[in-house]
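Contents: one structure, followed by commentary.
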Amino acid sequence: MMSNTLNNKATRLFIFLGGFFVANALIAELIGVKIFSLEHTLGMPPLDLSIFGIEHLSFNLTVGVLLWPFVFVLTDIINEYYGKRGVQLLSYLTAGLIVYAFAMFFIGIHLVPADFWPQSHISPALPQSEQDNLRALVSDYDAAFKLVFGQGLWIILGSLVAFLLGQIIDVKVFHRVKEITGERWIWLRATGSTLVSQFIDSFVVLFIAFYIGADWSLQLVFAIGVVNYIYKFMMAVVMTPVLYGVHYIIEKYLGDELASTLKQQALASSH
């Protein structure tokens with residue numbers, strides 16, 4: 001029975017896509033605590049934008065934005081072949097696993113460290129100068145652990161709500177466009193649904209995490225949201241060829257008949 005299930009191409013594809021979907025979303029949440037400068041990473045000076053009266057804005061982004069474009073490409077691929085129910089199953093599973101992960105981090109943070117561990121990253125075998133450099137950067141491993149994994153409750157809540165809301169909107173826009181265009185214009189339904197859902201996502205997470213949770217002004221929330229959305233807009237366009245490439249590989253793997261059957265069932269089940 002199990003062997004027959006795993007030998008089914010549609011089932012294996014769903015497990016493969018679902019695994020990458022969950023992994024990308026979970027990793028994005030975990031590494032999202034770091035803020036990086038896109039311009040400096042690319043060797044460029046900051047753009048120094050002015051939006052809604054907020055000066056000196058540039059592309060200072062959470063590292064999680066590197067992975068979210070892949071999550072939304074996977075959303076559109078899963079949507080195409082497995083419909084709304086497939087996306088919802090993986091979205092709710094992912095949200096539950098993110099909550100589970102942060103619950104485990106919370107427990108881990110409050111465990112009393114072994115006596116040697118807060119200094120265990122400084123090897124006595126290193127030259128004294130290197131030991132001093134490490135100690136100057138991170139003097140207490142346990143404190144660093146708490147800072148990295150102890151993300152605020154409002155940030156976690158904001159990202160979860162924005163993720164689920166973005167997924168729901170992505171599914172609806174995707175199938176609405178597909179009903180109008182049929183099998184044509186993959187880029188329109190995939191990129192269009194991503195752009196709409198990411199617009200909502202960009203502002204919802206900031207509103208919950210920083211307007212409610214950190215007393216930011218609405219002016220600052222909207223300004224940062226616009227900067228984030230500009231980046232996401234560009235990435236959605238850049239990822240379009242990737243979307244076509246993945247579609248091509250999947251169609252070859254499934255074969256025309258099975259691929260067509262899955263797409264018809266996905267569309268029918270999403271009404």
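Residue numbering restarts at 1 in every chain; chains get A, B, ... in the order shown in the structure tokens, and ligands count up from 1 in that same order.
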
Residues of region 121-202 of chain A at most 8 Å from region 227-246 of chain A: nearest atom pair and distance in Å, only C-alpha atoms, as CSV:
residue,atom,partner,partner_atom,distance
A:Ile186,CA,A:Tyr244,CA,7.8
A:Trp187,CA,A:Thr240,CA,6.4
A:Thr191,CA,A:Ala236,CA,6.1
A:Thr194,CA,A:Ala236,CA,6.9
A:Leu195,CA,A:Phe233,CA,6.3
A:Gln198,CA,A:Lys232,CA,7.0
A:Phe199,CA,A:Tyr229,CA,6.1
A:Ser202,CA,A:Tyr229,CA,6.1

(request) Do a neighbour search on Lys178 (chain A) at 9 Å with only C-alpha atoms, toss out local chain neighbours closer than 6 positions, and write the hits as a list in words. (result) Arg184, Trp185, Ile186, Leu188, Arg189 and Leu267 of chain A

Fewer than 2 positions away in the same chain doesn't count, so skip those; otherwise give me all residues within 9 Å of Gln167 (chain A), counting only C-alpha atoms, as a PDB file with N, CA, C and O atoms, in the first residue's frame.
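The resulting file, selection38.pdb, is reproduced below:
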ATOM      1  N   PHE A  72       6.751  31.748  -2.528  1.00  0.00           N
ATOM      2  CA  PHE A  72       5.600  32.146  -3.334  1.00  0.00           C
ATOM      3  C   PHE A  72       5.624  31.524  -4.731  1.00  0.00           C
ATOM      4  O   PHE A  72       4.564  31.285  -5.316  1.00  0.00           O
ATOM      5  N   THR A  75       4.243  28.240  -3.953  1.00  0.00           N
ATOM      6  CA  THR A  75       2.800  28.388  -3.760  1.00  0.00           C
ATOM      7  C   THR A  75       2.065  28.317  -5.086  1.00  0.00           C
ATOM      8  O   THR A  75       1.055  27.608  -5.226  1.00  0.00           O
ATOM      9  N   VAL A  87      -2.528  24.005  -1.217  1.00  0.00           N
ATOM     10  CA  VAL A  87      -1.847  25.165  -0.653  1.00  0.00           C
ATOM     11  C   VAL A  87      -2.258  25.375   0.794  1.00  0.00           C
ATOM     12  O   VAL A  87      -1.425  25.663   1.664  1.00  0.00           O
ATOM     13  N   GLN A  88      -3.551  25.233   1.078  1.00  0.00           N
ATOM     14  CA  GLN A  88      -4.024  25.436   2.446  1.00  0.00           C
ATOM     15  C   GLN A  88      -3.422  24.412   3.402  1.00  0.00           C
ATOM     16  O   GLN A  88      -3.008  24.761   4.519  1.00  0.00           O
ATOM     17  N   SER A  91       0.139  25.427   3.991  1.00  0.00           N
ATOM     18  CA  SER A  91       0.227  26.706   4.706  1.00  0.00           C
ATOM     19  C   SER A  91      -0.074  26.525   6.191  1.00  0.00           C
ATOM     20  O   SER A  91       0.655  27.043   7.054  1.00  0.00           O
ATOM     21  N   ALA A 162       0.679  37.564   8.473  1.00  0.00           N
ATOM     22  CA  ALA A 162       0.965  38.032   7.123  1.00  0.00           C
ATOM     23  C   ALA A 162       1.160  36.856   6.163  1.00  0.00           C
ATOM     24  O   ALA A 162       0.688  36.890   5.021  1.00  0.00           O
ATOM     25  N   PHE A 163       1.832  35.808   6.629  1.00  0.00           N
ATOM     26  CA  PHE A 163       2.063  34.624   5.806  1.00  0.00           C
ATOM     27  C   PHE A 163       0.744  33.949   5.419  1.00  0.00           C
ATOM     28  O   PHE A 163       0.494  33.679   4.238  1.00  0.00           O
ATOM     29  N   LEU A 164      -0.113  33.694   6.417  1.00  0.00           N
ATOM     30  CA  LEU A 164      -1.374  33.007   6.138  1.00  0.00           C
ATOM     31  C   LEU A 164      -2.302  33.861   5.277  1.00  0.00           C
ATOM     32  O   LEU A 164      -2.933  33.356   4.340  1.00  0.00           O
ATOM     33  N   LEU A 165      -2.370  35.148   5.574  1.00  0.00           N
ATOM     34  CA  LEU A 165      -3.214  36.045   4.786  1.00  0.00           C
ATOM     35  C   LEU A 165      -2.699  36.139   3.355  1.00  0.00           C
ATOM     36  O   LEU A 165      -3.482  36.112   2.391  1.00  0.00           O
ATOM     37  N   ILE A 169      -4.805  35.031  -0.103  1.00  0.00           N
ATOM     38  CA  ILE A 169      -5.005  35.982  -1.198  1.00  0.00           C
ATOM     39  C   ILE A 169      -4.347  35.483  -2.477  1.00  0.00           C
ATOM     40  O   ILE A 169      -4.916  35.589  -3.568  1.00  0.00           O
ATOM     41  N   ASP A 170      -3.152  34.910  -2.353  1.00  0.00           N
ATOM     42  CA  ASP A 170      -2.438  34.380  -3.517  1.00  0.00           C
ATOM     43  C   ASP A 170      -3.282  33.331  -4.236  1.00  0.00           C
ATOM     44  O   ASP A 170      -3.405  33.343  -5.467  1.00  0.00           O
ATOM     45  N   VAL A 171      -3.870  32.422  -3.454  1.00  0.00           N
ATOM     46  CA  VAL A 171      -4.699  31.350  -4.037  1.00  0.00           C
ATOM     47  C   VAL A 171      -5.893  31.934  -4.782  1.00  0.00           C
ATOM     48  O   VAL A 171      -6.193  31.540  -5.918  1.00  0.00           O
ATOM     49  N   LYS A 172      -6.575  32.881  -4.170  1.00  0.00           N
ATOM     50  CA  LYS A 172      -7.782  33.438  -4.777  1.00  0.00           C
ATOM     51  C   LYS A 172      -7.463  34.200  -6.062  1.00  0.00           C
ATOM     52  O   LYS A 172      -8.157  34.038  -7.080  1.00  0.00           O
ATOM     53  N   SER A 197      -0.449  39.435  -3.280  1.00  0.00           N
ATOM     54  CA  SER A 197      -0.314  38.866  -1.942  1.00  0.00           C
ATOM     55  C   SER A 197       0.876  39.465  -1.193  1.00  0.00           C
ATOM     56  O   SER A 197       0.806  39.695   0.023  1.00  0.00           O
TER      57      SER A 197
END

(message) Give me, as a PyMOL selection string, the residues of region 42-261 of chain A that a backbone DSSP run labels alpha helix (DSSP H).
(response) chain A and resi 68-110+128-137+141-149+153-181+186-206+218-238+240-254+256-261

(request) Measure the distance from CA of Leu67 (chain A) to CA of Val226 (chain A) in Å and round it to one decimal. (result)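 Those two atoms sit 19.0 Å apart.
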